[in-house]
Each structure stands twice: as structure tokens, then as C-alpha cells.
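Taking it in order: structure first as C-alpha cells, then the write-up.
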Amino acid sequence: MSLDTFLQNFLNALQWGSFLALIAVGYSMVYGVLLLINFAHGDIFMAGAYIGYFIGTFLLNKFDIRLPFNLPAWVVVPATILLTMAFTALIGVTIERIAYRPLRNRGANRLYLVITALMFGLLLEYGNLALLGARDRQFPELFPKRIFTLGGLSLTNIKLAVILLSFLVMGALWFIVQKTKWGMAMRAISYDRLVVPLMGVSVDKIIMATFIIGSSTAALAGIMYGTAFPILSFDMGMLVGWQAFIAAVIGGIGSIRGAMIGGYLLGFTQIYVASFLPSTFRDLITFTVFLIILAARPTGLFGVARRTKV
């Protein structure tokens with residue numbers, strides 16, 4: 001493999017790993033606070049991509065119902081991102097409020113919460129199919145695509161934006177969790193959920209904030225995915241969501257740092273395996289390697305075994 005090819009695959013892996021890392025963070029945050037695998041999270045990513053599609057298309061005046069003026073790209077892009085994150089966060093909070101919280105308050109077994117999460121994932125997926133049909137949608141071009149060439153290396157402004165924006169968001173997320181009172185409360189709940197209310201902290205508010213952040217990052221990943229790979233399908237959240245969940249497990253479920261590293265590790269492994277071997281071997285070899293990692297470290301790279309006092 002030449003140096004140019006290696007660097008080109010490196011950039012492709014950074015882009016793909018950015019999608020997986022942003023979604024994996026949502027899995028880890030919810031598990032860290034609730035000890036719940038939110039299997040609906042992949043379909044929240046899908047919902048975010050479709051919401052971004054409708055908002056972006058509307059702001060670009062590509063629907064029959066039009067704005068009386070055209071908006072420049074520097075307005076359309078941030079407006080699409082912020083509105084999509086807000087609406088997708090509302091979906092995540094609604095699922096937590098009407099599905100998870102009643103079961104949690106009644107002391108239901110976590111197995112019932114997992115089944116409920118799977119049910120809501122299917123509800124989002126097939127609700128999309130029922131409302132919009134099976135036809136794929138083409139994500140709108142929010143800003144013109146530009147290609148930069150350096151020697152034998154090709155880099156688009158979309159790929160660069162995806163990589164830089166994902167780093168900025170995950171850096172901001174790390175700051176929130178590690179340096180703010182809300183983040184301290186999230187970490188405290190993950191250690192001892194029974195003691196935190198005695199300190200005057202509302203567990204329900206912290207859990208709601210966790211779902212808002214997790215759903216917002218999934219929405220951002222959905223917009224970035226739609227911009228980079230503009231074809232959307234109703235079942236797109238299934239495969240990408242499962243891969244992000246595996247990335248979170250490899251990194252150590254419940255660890256935000258582990259979710260980020262796991263997402264990039266999965267992205268790099270898939271891209272580089274496909275560059276040496278036929279693409280049909282990509283997932284086979286990737287997940288075989290990850291099974292070996294889990295056999296050596298059952299808690300993941302940065303996970304910590306939880307012990308319950310009796």
C-alpha cells in the first residue's frame with residue numbers, strides 16, 4: 001500500500017469512525033446513568049437524519065411550500081443542525097418519559113426496559129416506513145461540495161467538516177461530563193443512584209438531560225451521515241446502530257471515552273480491512289478481532305466491572 005493510499009484510507013476511517021463514535025456515546029451515556037441498553041438509539045439516529053432531511057429541504061425552498069426568500073448556506077446549515085437536534089432530543093425525551101420512566105418508577109426488571117427499548121426502535125423504524133414509504137430519500141445539499149487535492153490525496157470539505165465537527169462535539173461533551181455540575185451528577189448517579197437524591201439532586205432531571213444529550217449527538221451524526229452519504233432509508237438505523245453499540249461495548253459500555261475510542265477503532269478496522277481484502281470479509285474479520293478483544297477484556301478497553309454490595 002502506497003503512502004497516499006494509506007493516508008486516504010486514514011481520512012475515510014476518521015470520517016466513518018466519527019459517525020460511530022457520536023452514536024456510541026449515546027449508548028454509553030444512557031447505560032452509565034440507567035444501566036439500560038437503549039436499543040432504540042440507532043433508530044433515533046435514523047429519525048435525526050430524516051428530520052434533518054425535511055428541515056434542510058424546507059429551508060432550501062425545495063418543497064411546494066416555500067419561504068418568501070432564499071437563505072444563504074451560512075444560515076441554512078446551523079439552522080438545520082440546531083432544529084434537528086432539538087426535535088430529535090424531543091423524541092428521545094418522549095421515549096424516556098412515556099416508556100422508561102413508568103417502568104423504572106415501578107421497579108421493573110431491566111429486562112422489561114430492554115424489551116421496551118427494542119419495541120420503540122421498531123416503532124420508529126416501521127412508523128417511518130408506514131408514513132413515508134419504502135422509497136429512499138436523497139439528503140439535500142446544504143452547502144456546495146468542494147474537493148481539495150494534495151498530491152495523490154483527495155479531501156472534500158464535507159469530510160473535513162464531519163471530522164472537525166465530531167471532534168469539537170465530543171470535546172464539548174467531555175467537558176460537560178467532567179467539569180460541570182450536571183456532569184458530576186451524571187457520574188454520581190452511575191456510581192450510586194440511591195444516594196444522589198439524598199444530596200438534593202433530581203434523578204429524573206439528570207436522566208432527561210442524558211437523553212437530550214444522547215439524542216442530540218445521534219441527530220448530529222444523522223445530519224453528518226446524510227451529508228456524506230446522501231441516500232436515506234427507513235432501516236438505516238439498524239445496521240449503523242448495531243455497529244455503534246458494538247463500538248460502545250468494545251470501548252467499555254458506560255465509558256464515554258471508551259465509546260469514542262471504540263467508534264474510531266471500529267471505523268479504522270473496517271476501512272483498512274476492506275482496503276486489503278474483498279469487502280465481503282470486512283465484517284467477518286472486524287468482529288472476529290473484536291470477539292478476541294472481549295475474550296481478553298470482558299468489560300471492554302475502558303470498562304470497569306461493577307460490584308454490588310450485599
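Ordering of the C-alpha cells sets the chain letters (A, B, ...); residue numbers start at 1 within each chain; ligands are numbered from 1 in the order shown.
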List as a PDB file with N, CA and C atoms, in the first residue's frame the protein and nucleic acid residues near Ser233 of chain A, meaning an atom at most 10 Å away when only C-alpha atoms are counted, but skip any in the same chain fewer than 4 places from it.
```pdb
ATOM      1  N   MET A  46     -31.595   7.398  12.945  1.00  0.00           N
ATOM      2  CA  MET A  46     -32.336   7.412  11.683  1.00  0.00           C
ATOM      3  C   MET A  46     -33.357   8.541  11.669  1.00  0.00           C
ATOM      4  N   ALA A  49     -31.702  11.819  11.009  1.00  0.00           N
ATOM      5  CA  ALA A  49     -31.348  12.005   9.602  1.00  0.00           C
ATOM      6  C   ALA A  49     -32.563  12.431   8.781  1.00  0.00           C
ATOM      7  N   TYR A  50     -33.720  11.824   9.043  1.00  0.00           N
ATOM      8  CA  TYR A  50     -34.932  12.177   8.293  1.00  0.00           C
ATOM      9  C   TYR A  50     -35.452  13.554   8.680  1.00  0.00           C
ATOM     10  N   GLU A 125     -38.843   2.733  13.347  1.00  0.00           N
ATOM     11  CA  GLU A 125     -38.441   2.248  12.024  1.00  0.00           C
ATOM     12  C   GLU A 125     -39.640   2.002  11.123  1.00  0.00           C
ATOM     13  N   ASN A 128     -41.813   5.051  10.340  1.00  0.00           N
ATOM     14  CA  ASN A 128     -41.249   5.765   9.197  1.00  0.00           C
ATOM     15  C   ASN A 128     -41.666   5.094   7.893  1.00  0.00           C
ATOM     16  N   LEU A 129     -41.593   3.772   7.869  1.00  0.00           N
ATOM     17  CA  LEU A 129     -41.992   3.036   6.660  1.00  0.00           C
ATOM     18  C   LEU A 129     -43.464   3.269   6.329  1.00  0.00           C
ATOM     19  N   GLY A 133     -43.161   5.551   3.357  1.00  0.00           N
ATOM     20  CA  GLY A 133     -42.962   4.533   2.334  1.00  0.00           C
ATOM     21  C   GLY A 133     -41.531   4.016   2.308  1.00  0.00           C
ATOM     22  N   ALA A 134     -41.310   3.011   1.475  1.00  0.00           N
ATOM     23  CA  ALA A 134     -40.005   2.349   1.422  1.00  0.00           C
ATOM     24  C   ALA A 134     -39.022   3.057   0.493  1.00  0.00           C
ATOM     25  N   ARG A 135     -39.473   4.095  -0.205  1.00  0.00           N
ATOM     26  CA  ARG A 135     -38.591   4.787  -1.159  1.00  0.00           C
ATOM     27  C   ARG A 135     -37.483   5.518  -0.412  1.00  0.00           C
ATOM     28  N   ASP A 136     -36.255   5.346  -0.905  1.00  0.00           N
ATOM     29  CA  ASP A 136     -35.132   6.062  -0.313  1.00  0.00           C
ATOM     30  C   ASP A 136     -35.244   7.557  -0.597  1.00  0.00           C
ATOM     31  N   ARG A 137     -34.700   8.343   0.312  1.00  0.00           N
ATOM     32  CA  ARG A 137     -34.721   9.799   0.166  1.00  0.00           C
ATOM     33  C   ARG A 137     -33.295  10.309  -0.041  1.00  0.00           C
ATOM     34  N   GLN A 138     -33.169  11.332  -0.855  1.00  0.00           N
ATOM     35  CA  GLN A 138     -31.855  11.932  -1.086  1.00  0.00           C
ATOM     36  C   GLN A 138     -31.720  13.161  -0.205  1.00  0.00           C
ATOM     37  N   GLY A 237     -30.958   2.962  10.468  1.00  0.00           N
ATOM     38  CA  GLY A 237     -30.539   2.980  11.861  1.00  0.00           C
ATOM     39  C   GLY A 237     -30.204   1.616  12.415  1.00  0.00           C
TER      40      GLY A 237
END
```
>> I'd like the contact shell of Gln270 of chain A - 9 Å cut-off, only C-alpha atoms, skipping same-chain residues fewer than 6 positions apart - returned as a list in words.
In response: Ala13, Ser279, Arg282, Asp283, Ile285 and Thr286 of chain A
Can you list, as a short mmCIF file (atom, residue, chain, number, x, y, z; two decimals) with C-alpha atoms, in the first residue's frame, every protein, DNA or RNA residue that comes within 8 Å of segment 63-76 of chain A when you count only C-alpha atoms, leaving out same-chain residues fewer than 6 positions away?
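After the write, selection_19.cif holds the following:
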```cif
data_model
loop_
_atom_site.label_atom_id
_atom_site.label_comp_id
_atom_site.auth_asym_id
_atom_site.auth_seq_id
_atom_site.Cartn_x
_atom_site.Cartn_y
_atom_site.Cartn_z
CA GLY A 56 -32.93 21.18 5.23
CA THR A 57 -35.16 20.67 2.20
CA LEU A 142 -26.78 22.00 2.44
CA PHE A 143 -23.63 23.62 1.02
#
```
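You can rank A:Phe229, A:Phe290, A:Phe167, A:Tyr53 by their closest distance to Thr217 of chain A using only C-alpha atoms, and at the top of that list sits A:Phe167.
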>> Would you pick out the contacts of Ala185 of chain A at 8 Å or less, using only C-alpha atoms, so that residues sharing its chain but fewer than 4 positions from it are not included, and give the list as an MDAnalysis selection string?
In response: chainID A and resid 181 189 196 201 206
Find the residues near Ser28 of chain A: any atom within 7 Å, counting only C-alpha atoms, skip ones fewer than 2 places away on the same chain, and give them as a tab-separated table (two decimals) with C-alpha atoms, in the first residue's frame.
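Okay, this is what ended up in around-v5.tsv:
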```tsv
chain	number	residue	atom	x	y	z
A	24	ALA	CA	-21.85	5.11	20.59
A	25	VAL	CA	-21.58	7.98	23.07
A	26	GLY	CA	-25.38	7.97	23.39
A	30	VAL	CA	-27.72	6.06	28.93
A	31	TYR	CA	-26.13	2.86	30.20
A	32	GLY	CA	-23.90	4.78	32.59
A	248	ALA	CA	-19.52	1.16	22.78
A	253	ILE	CA	-20.08	0.31	27.92
A	254	GLY	CA	-20.75	3.22	30.25
A	255	SER	CA	-17.44	4.93	29.47
A	256	ILE	CA	-17.72	8.00	27.21
A	259	ALA	CA	-17.29	4.87	23.31
```
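Here atom CA of Met199 of chain A and atom CA of Thr180 of chain A stand 16.3 Å from one another.
With atom CA of Ala221 of chain A on one side and atom CA of Phe19 of chain A on the other, the separation reads 5.4 Å.
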> Restricting the calculation to only C-alpha atoms, which member of A:Val273, A:Val114, A:Ala40, A:Ala218 is positioned closest to Ser166 of chain A?
Replying inline: A:Ala218
>> For segment 170-178 of chain A, find every residue with an atom within 10 Å (counting only C-alpha atoms), except residues of its own chain fewer than 4 positions away, and show them as a PyMOL selection string.
In response: chain A and resi 18+21-22+25+29+165-166+182-187+213-214+217+256-257+260
For C-alpha atoms, I'd like the residues from the last selection saved as a tab-separated table (two decimals), in the first residue's frame.
```tsv
chain	number	residue	atom	x	y	z
A	18	SER	CA	-16.83	9.90	13.67
A	21	ALA	CA	-18.35	7.44	17.92
A	22	LEU	CA	-21.12	10.04	18.14
A	25	VAL	CA	-21.58	7.98	23.07
A	29	MET	CA	-24.32	7.72	28.48
A	165	LEU	CA	-17.25	18.89	14.00
A	166	SER	CA	-17.25	15.45	15.61
A	182	TRP	CA	-24.68	18.33	35.58
A	183	GLY	CA	-21.85	16.06	34.51
A	184	MET	CA	-20.89	15.45	38.13
A	185	ALA	CA	-24.48	14.45	38.85
A	186	MET	CA	-24.48	12.06	35.88
A	187	ARG	CA	-21.30	10.41	37.12
A	213	ILE	CA	-27.55	14.97	25.01
A	214	GLY	CA	-27.51	11.42	23.65
A	217	THR	CA	-25.47	13.71	19.26
A	256	ILE	CA	-17.72	8.00	27.21
A	257	ARG	CA	-14.01	7.91	26.46
A	260	MET	CA	-15.30	7.47	21.39
```
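Residues in contact with Leu3 of chain A at up to 12 Å, not including ones fewer than 4 positions away on its chain and judged by only C-alpha atoms, are A:Leu7, A:Gln8, A:Asn9, A:Phe10, A:Gly151, A:Gly152, A:Leu153.
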